[in-house]
Amino acid sequence: MKVQDVAISGVGVSDFSKNSGRSVLALATEAARAALEDSGLDPGQIDGMASFSLNADSVSSHSVATTIGTGPLGYVADFNFGGQSPCYMVEQCAAALQAGQADYIVAFRALNGRSGARVGTGALPGPGAQYRYPIGYGSWAMYMAMWAQRYLGETGQTSLDLAEVAIAQRRHAARNPNALLHDRPLNLDQYMATRYVVEPFRIPDLPSEIDGAVALVITTAERARVLKPPPAVVASTAFTARRHPGLDIGDYSMAGDFSRNFTHDLSARLYSDADLTPEDVDLAEIYDCSTSTVLVGLEGLGFCGRGEAGAFVRSGATALDGELPVNTHGGLLSEGYLHGMNTVAEAVLQVQGRAGPRQAPRHEVCAVTSGGYVDGSAMLLTVDR
Amino acid sequence: MSASAPSKPEPDFDSAPWWQGLGEHRLALQSCAACDRVRFPRMPGCPFCGCGEWHEVEGPHEGRLYSWVVVQHAFDPAFVDEVPYVIGMVEVAEDVRIPARIELGESEPALDLAVRATFVDQGEWTELRYRLEEQGA
């Protein structure tokens, strides 16, 4: 979608932990308040709310609007979706802002994804579930592994290429105090010594489930310019779901080519709607519910050729001083599985130049993705120019 | 103490013929009345053309291993004594794939290997598995 004059302003992040000891509503409230404070807005100015949840693992927009004391709402959206959501949610908020349904929207994701309803290992019910669970095929990690195996086999890559992603992102996490694996450096020997969960994935190939919340303030670019942080301008957004996307989120059996994902399907539209090309992108925050989704995303978004993603990461290109820093917060793998909302938050902070010790030197254009396989969303953020 | 039993399939209006078919060692697929394409899982409309009418057909027992994983960690405690085991996506027609346990025998799994259906009695239901065809056979 071509986006006109919409920007992300404030970012609010709760503590990330394995056991928050708090309600999901309390986490959401903390993050939303922090986002308002970051922008310098009063709660009464908020007239739109958006969130997403999977299998009722979170709280509603109405509930957080209540606990932070917003004004009357002109726009509310609670998406029943998984990790495809964050960029899509921004897209929908942008459409609402362009249509004049609201002026200031708070969008959040909150969950006790480790201590409560587990975000990565919980059951995924639906009409397709009866074909999976009785045969021992019952976790998101297995479904991503199924796609990864086809991808690695078709492109002639191996688990050594997956390892590069885990290692590179762990290095980023060392610069991020809020990352769950902040103090856990990883080298190839250590990677190879970890046990397999579901081949081709070892433990470091999969995200770290956490409790936490992230909230953003999304508004018009004009309004964002007078708020405290510099605007992260939304240049374009895109969402796509393949034909016959499946009977539930774990039923992907008819969704075509497992060796490419939604990033391949929406890439051309994403760039053309912003009048940008992959060469214009300074850094990328790529949804990583597994190491393989980063490799597939690098190829899908045109940052390297087919089958070259592992070598691209191995070359150091995705390091902070590389040609395209990727997942500078450590990603879902090392910062934590905040379902990709933290991925968007990191992109915003980077574009705003507020990422501290992990700030990428060039940060005028950032690509962001949300989702792992059949469907997903993405956006291009730019500095105000 | 042994692990709890795996969950049983819970057939619904759409899926019941599939489970009944497996009990009779048949793959009860639907073939679209308009475009003739088969589909899986069973569903009340054709994902390829949208037509709501279909014929019952018996699916092939042969397929190819589109992809596979080795489950090393039992996410479901009922499978603690089973790991490691292999789950594959078996392609029986273009873009029509069935998730199933793969029995390796003496062979190693690899993309696109030929597989053949086998039926395992689980007491109250029958599980469809596939075994790798002998290499070079």
# chains A, B, ... in the order shown; residues from 1 in each chain; ligands from 1
$ interface_residues --of "chain B" --to "chain A" --cutoff "6 Å" --atoms "only C-alpha atoms" --output "PyMOL selection string"
chain B and resi 6-9+47+67-73+95-97
$ select_by_dssp --residues "chain B" --states "alpha helix (DSSP H)" --output "MDAnalysis selection string"
chainID B and resid 16:23
$ residues_around --residues "segment 94-102 of chain A" --least-positions-apart "5" --cutoff "12 Å" --atoms "only C-alpha atoms" --output "ChimeraX atom specification"
/A:1-8,45-50,71-77,87-89,107,217-223,233-238,379
$ select_by_dssp --residues "segment 43-218 of chain A" --states "strand (DSSP E)" --output "JSON, numbers by chain"
{"A": [48, 49, 50, 51, 52, 53, 75, 76, 77, 78, 79, 80, 104, 105, 106, 107, 108, 109, 110, 111, 112, 196, 197, 198, 199, 201, 202, 211, 212, 213, 214, 215, 216, 217, 218]}
$ write_last_selection --atoms "N, CA and C atoms" --output "CSV table (one decimal), in the first residue's frame"
chain,number,residue,atom,x,y,z
A,48,GLY,N,-7.5,6.0,18.9
A,48,GLY,CA,-7.5,4.8,18.1
A,48,GLY,C,-6.7,3.8,18.9
A,49,MET,N,-7.1,2.5,18.8
A,49,MET,CA,-6.4,1.4,19.4
A,49,MET,C,-6.3,0.2,18.5
A,50,ALA,N,-5.2,-0.5,18.5
A,50,ALA,CA,-5.1,-1.8,17.7
A,50,ALA,C,-4.2,-2.8,18.4
A,51,SER,N,-4.6,-4.0,18.3
A,51,SER,CA,-3.8,-5.1,18.9
A,51,SER,C,-3.9,-6.4,18.1
A,52,PHE,N,-3.1,-7.4,18.4
A,52,PHE,CA,-3.4,-8.7,17.9
A,52,PHE,C,-3.2,-9.7,18.9
A,53,SER,N,-3.8,-10.9,18.7
A,53,SER,CA,-3.7,-12.0,19.6
A,53,SER,C,-3.9,-13.3,18.9
A,75,TYR,N,-11.4,4.5,16.2
A,75,TYR,CA,-10.9,3.3,15.5
A,75,TYR,C,-10.4,2.3,16.5
A,76,VAL,N,-10.9,1.1,16.3
A,76,VAL,CA,-10.5,-0.1,17.1
A,76,VAL,C,-10.3,-1.3,16.2
A,77,ALA,N,-9.2,-2.0,16.4
A,77,ALA,CA,-9.0,-3.3,15.6
A,77,ALA,C,-8.3,-4.3,16.5
A,78,ASP,N,-8.9,-5.4,16.7
A,78,ASP,CA,-8.3,-6.5,17.4
A,78,ASP,C,-8.1,-7.7,16.4
A,79,PHE,N,-6.9,-7.9,16.0
A,79,PHE,CA,-6.7,-8.9,15.0
A,79,PHE,C,-6.5,-10.3,15.6
A,80,ASN,N,-7.2,-11.3,15.1
A,80,ASN,CA,-7.0,-12.7,15.6
A,80,ASN,C,-6.0,-13.4,14.6
A,104,TYR,N,-4.5,9.7,16.6
A,104,TYR,CA,-3.4,9.1,17.3
A,104,TYR,C,-3.8,7.7,17.7
A,105,ILE,N,-3.1,6.7,17.2
A,105,ILE,CA,-3.5,5.3,17.5
A,105,ILE,C,-2.3,4.6,18.3
A,106,VAL,N,-2.7,3.9,19.3
A,106,VAL,CA,-1.8,3.1,20.0
A,106,VAL,C,-2.0,1.6,19.6
A,107,ALA,N,-0.9,1.0,19.1
A,107,ALA,CA,-1.0,-0.4,18.6
A,107,ALA,C,-0.1,-1.2,19.5
A,108,PHE,N,-0.6,-2.3,20.0
A,108,PHE,CA,0.2,-3.1,21.0
A,108,PHE,C,0.1,-4.6,20.7
A,109,ARG,N,1.1,-5.3,21.3
A,109,ARG,CA,1.1,-6.7,21.4
A,109,ARG,C,1.5,-7.0,22.8
A,110,ALA,N,0.8,-7.8,23.6
A,110,ALA,CA,1.1,-8.1,25.0
A,110,ALA,C,0.8,-9.6,25.2
A,111,LEU,N,1.7,-10.3,25.9
A,111,LEU,CA,1.5,-11.7,26.2
A,111,LEU,C,2.4,-12.2,27.3
A,112,ASN,N,1.9,-13.2,28.0
A,112,ASN,CA,2.8,-14.0,28.9
A,112,ASN,C,3.1,-15.2,28.1
A,196,TYR,N,19.4,-31.1,18.9
A,196,TYR,CA,18.3,-30.9,17.9
A,196,TYR,C,17.0,-30.9,18.7
A,197,VAL,N,16.1,-30.0,18.2
A,197,VAL,CA,14.7,-30.0,18.7
A,197,VAL,C,13.9,-30.7,17.6
A,198,VAL,N,13.9,-30.2,16.4
A,198,VAL,CA,13.3,-30.9,15.3
A,198,VAL,C,14.2,-30.6,14.1
A,199,GLU,N,14.9,-31.6,13.6
A,199,GLU,CA,15.8,-31.4,12.5
A,199,GLU,C,15.1,-30.8,11.3
A,201,PHE,N,16.4,-28.1,12.9
A,201,PHE,CA,16.6,-27.0,13.9
A,201,PHE,C,17.2,-27.5,15.2
A,202,ARG,N,18.2,-26.8,15.6
A,202,ARG,CA,18.7,-27.0,17.0
A,202,ARG,C,18.1,-25.9,17.9
A,211,ASP,N,7.7,-13.3,28.3
A,211,ASP,CA,6.5,-12.5,28.7
A,211,ASP,C,6.9,-11.1,28.4
A,212,GLY,N,5.9,-10.3,27.9
A,212,GLY,CA,6.3,-8.9,27.7
A,212,GLY,C,5.2,-8.2,26.9
A,213,ALA,N,5.5,-6.9,26.6
A,213,ALA,CA,4.6,-6.1,25.8
A,213,ALA,C,5.3,-5.0,25.1
A,214,VAL,N,4.8,-4.7,23.9
A,214,VAL,CA,5.4,-3.6,23.1
A,214,VAL,C,4.2,-2.8,22.6
A,215,ALA,N,4.3,-1.4,22.6
A,215,ALA,CA,3.3,-0.6,22.1
A,215,ALA,C,3.9,0.5,21.3
A,216,LEU,N,3.2,1.0,20.3
A,216,LEU,CA,3.7,2.1,19.4
A,216,LEU,C,2.6,3.1,19.3
A,217,VAL,N,3.0,4.4,19.1
A,217,VAL,CA,2.1,5.4,18.7
A,217,VAL,C,2.2,5.7,17.2
A,218,ILE,N,1.1,5.5,16.5
A,218,ILE,CA,1.1,5.7,15.1
A,218,ILE,C,0.2,6.9,14.8
$ residues_around --residues "Gly376 of chain A" --least-positions-apart "3" --cutoff "9 Å" --atoms "only C-alpha atoms" --output "ChimeraX atom specification"
/A:83-85,87-88,238-241,261-263,266,369-373
$ atom_distance --atom1 "atom CA of Pro207 of chain A" --atom2 "atom CA of Lys18 of chain A"
12.7 Å
$ residues_around --residues "Ala93 of chain B" --least-positions-apart "6" --cutoff "9 Å" --atoms "only C-alpha atoms" --output "list in words"
Arg37, Val38, Arg39 and Gly63 of chain B
$ atom_distance --atom1 "atom CA of Leu128 of chain B" --atom2 "atom CA of Glu10 of chain B"
15.2 Å
$ closest_residue --among "A:Asn178, A:Gly126, A:His264, A:Ala65" --to "Arg242 of chain A" --atoms "only C-alpha atoms"
A:His264
$ atom_distance --atom1 "atom CA of Pro361 of chain A" --atom2 "atom CA of Leu188 of chain A"
26.8 Å
$ residues_around --residues "Leu25 of chain A" --least-positions-apart "2" --cutoff "10 Å" --atoms "only C-alpha atoms" --output "ChimeraX atom specification"
/A:22-23,27-31,58-60,63-64,67,110-112,213
$ write_last_selection --atoms "all heavy atoms" --output "short mmCIF file (atom, residue, chain, number, x, y, z; two decimals), in the first residue's frame"
data_model
loop_
_atom_site.label_atom_id
_atom_site.label_comp_id
_atom_site.auth_asym_id
_atom_site.auth_seq_id
_atom_site.Cartn_x
_atom_site.Cartn_y
_atom_site.Cartn_z
N ARG A 22 2.97 -10.96 36.36
CA ARG A 22 1.96 -9.90 36.22
C ARG A 22 0.94 -10.34 35.18
O ARG A 22 1.19 -11.24 34.38
CB ARG A 22 2.62 -8.60 35.76
CG ARG A 22 3.74 -8.14 36.68
CD ARG A 22 4.61 -7.11 36.00
NE ARG A 22 3.86 -5.87 35.78
CZ ARG A 22 4.28 -4.91 34.96
NH1 ARG A 22 5.40 -5.05 34.27
NH2 ARG A 22 3.58 -3.81 34.82
N SER A 23 -0.18 -9.64 35.18
CA SER A 23 -1.21 -9.95 34.19
C SER A 23 -0.78 -9.43 32.82
O SER A 23 0.01 -8.47 32.72
CB SER A 23 -2.54 -9.33 34.59
OG SER A 23 -2.47 -7.93 34.50
N LEU A 27 1.01 -5.75 31.70
CA LEU A 27 2.12 -5.56 30.74
C LEU A 27 1.71 -4.62 29.62
O LEU A 27 2.47 -3.72 29.23
CB LEU A 27 2.53 -6.92 30.16
CG LEU A 27 3.18 -7.92 31.12
CD1 LEU A 27 3.29 -9.29 30.45
CD2 LEU A 27 4.55 -7.43 31.58
N ALA A 28 0.52 -4.85 29.07
CA ALA A 28 0.03 -4.01 27.96
C ALA A 28 -0.10 -2.57 28.40
O ALA A 28 0.25 -1.63 27.66
CB ALA A 28 -1.31 -4.55 27.46
N THR A 29 -0.60 -2.39 29.60
CA THR A 29 -0.80 -1.04 30.13
C THR A 29 0.54 -0.32 30.29
O THR A 29 0.69 0.85 29.92
CB THR A 29 -1.54 -1.12 31.48
OG1 THR A 29 -2.79 -1.78 31.28
CG2 THR A 29 -1.77 0.26 32.07
N GLU A 30 1.53 -1.04 30.83
CA GLU A 30 2.86 -0.44 31.02
C GLU A 30 3.44 0.00 29.68
O GLU A 30 3.96 1.11 29.54
CB GLU A 30 3.79 -1.45 31.69
CG GLU A 30 5.20 -0.89 31.88
CD GLU A 30 6.23 -1.95 32.28
OE1 GLU A 30 5.82 -3.03 32.75
OE2 GLU A 30 7.43 -1.69 32.10
N ALA A 31 3.36 -0.88 28.68
CA ALA A 31 3.95 -0.56 27.38
C ALA A 31 3.21 0.61 26.72
O ALA A 31 3.83 1.50 26.13
CB ALA A 31 3.93 -1.79 26.47
N SER A 58 -4.30 -12.78 24.64
CA SER A 58 -4.00 -11.41 25.07
C SER A 58 -5.27 -10.67 25.47
O SER A 58 -6.33 -11.28 25.64
CB SER A 58 -3.26 -10.66 23.95
OG SER A 58 -2.74 -9.44 24.45
N VAL A 59 -5.12 -9.38 25.64
CA VAL A 59 -6.23 -8.54 26.09
C VAL A 59 -6.67 -7.63 24.95
O VAL A 59 -5.92 -7.39 24.01
CB VAL A 59 -5.83 -7.71 27.32
CG1 VAL A 59 -5.60 -8.62 28.52
CG2 VAL A 59 -4.59 -6.86 27.04
N SER A 60 -7.87 -7.11 25.07
CA SER A 60 -8.46 -6.35 23.97
C SER A 60 -8.01 -4.89 23.97
O SER A 60 -7.54 -4.35 24.97
CB SER A 60 -9.98 -6.40 24.08
OG SER A 60 -10.39 -5.65 25.21
N SER A 63 -9.83 -2.97 26.61
CA SER A 63 -9.35 -3.07 27.99
C SER A 63 -8.17 -2.13 28.22
O SER A 63 -8.08 -1.48 29.27
CB SER A 63 -8.98 -4.52 28.33
OG SER A 63 -7.85 -4.94 27.59
N VAL A 64 -7.28 -2.03 27.26
CA VAL A 64 -6.12 -1.14 27.45
C VAL A 64 -6.53 0.33 27.29
O VAL A 64 -6.01 1.20 28.00
CB VAL A 64 -4.98 -1.53 26.48
CG1 VAL A 64 -3.80 -0.58 26.61
CG2 VAL A 64 -4.54 -2.97 26.75
N THR A 67 -7.59 1.09 30.74
CA THR A 67 -6.58 1.22 31.81
C THR A 67 -5.64 2.39 31.59
O THR A 67 -5.02 2.84 32.55
CB THR A 67 -5.75 -0.06 31.95
OG1 THR A 67 -5.07 -0.32 30.71
CG2 THR A 67 -6.62 -1.26 32.33
N ALA A 110 0.77 -7.81 23.59
CA ALA A 110 1.12 -8.14 24.97
C ALA A 110 0.82 -9.60 25.23
O ALA A 110 -0.22 -10.10 24.81
CB ALA A 110 0.32 -7.26 25.93
N LEU A 111 1.71 -10.28 25.91
CA LEU A 111 1.46 -11.69 26.19
C LEU A 111 2.38 -12.21 27.30
O LEU A 111 3.47 -11.69 27.49
CB LEU A 111 1.64 -12.55 24.93
CG LEU A 111 3.04 -12.80 24.35
CD1 LEU A 111 2.95 -13.81 23.21
CD2 LEU A 111 3.68 -11.54 23.84
N ASN A 112 1.88 -13.19 28.04
CA ASN A 112 2.75 -13.99 28.89
C ASN A 112 3.10 -15.23 28.08
O ASN A 112 2.62 -16.33 28.34
CB ASN A 112 2.07 -14.32 30.22
CG ASN A 112 2.19 -13.19 31.23
OD1 ASN A 112 3.21 -12.48 31.26
ND2 ASN A 112 1.17 -13.00 32.05
N ALA A 213 5.48 -6.92 26.61
CA ALA A 213 4.57 -6.13 25.78
C ALA A 213 5.35 -5.03 25.07
O ALA A 213 6.35 -4.54 25.58
CB ALA A 213 3.46 -5.50 26.62
#
$ residues_around --residues "Val115 of chain B" --least-positions-apart "5" --cutoff "7 Å" --atoms "only C-alpha atoms" --output "short mmCIF file (atom, residue, chain, number, x, y, z; two decimals) with N, CA, C and O atoms, in the first residue's frame"
data_model
loop_
_atom_site.label_atom_id
_atom_site.label_comp_id
_atom_site.auth_asym_id
_atom_site.auth_seq_id
_atom_site.Cartn_x
_atom_site.Cartn_y
_atom_site.Cartn_z
N GLU B 62 0.76 -44.22 -3.66
CA GLU B 62 2.13 -43.77 -3.90
C GLU B 62 2.18 -42.25 -3.80
O GLU B 62 1.20 -41.56 -4.09
N GLY B 63 3.33 -41.75 -3.40
CA GLY B 63 3.53 -40.30 -3.34
C GLY B 63 5.01 -40.01 -3.34
O GLY B 63 5.84 -40.92 -3.49
N ARG B 64 5.34 -38.72 -3.20
CA ARG B 64 6.76 -38.38 -3.10
C ARG B 64 6.96 -37.49 -1.87
O ARG B 64 6.06 -36.74 -1.47
N LEU B 65 8.13 -37.61 -1.29
CA LEU B 65 8.44 -36.92 -0.05
C LEU B 65 8.81 -35.47 -0.37
O LEU B 65 9.97 -35.17 -0.68
N TYR B 130 3.68 -43.55 5.74
CA TYR B 130 4.31 -43.88 4.46
C TYR B 130 5.67 -44.50 4.75
O TYR B 130 6.33 -44.14 5.73
N ARG B 131 6.06 -45.43 3.91
CA ARG B 131 7.43 -45.92 4.03
C ARG B 131 8.18 -45.61 2.75
O ARG B 131 7.60 -45.55 1.67
N LEU B 132 9.47 -45.39 2.94
CA LEU B 132 10.30 -45.10 1.78
C LEU B 132 10.38 -46.33 0.90
O LEU B 132 10.58 -47.44 1.40
N GLU B 133 10.21 -46.13 -0.39
CA GLU B 133 10.41 -47.24 -1.33
C GLU B 133 11.88 -47.63 -1.32
O GLU B 133 12.75 -46.77 -1.12
#
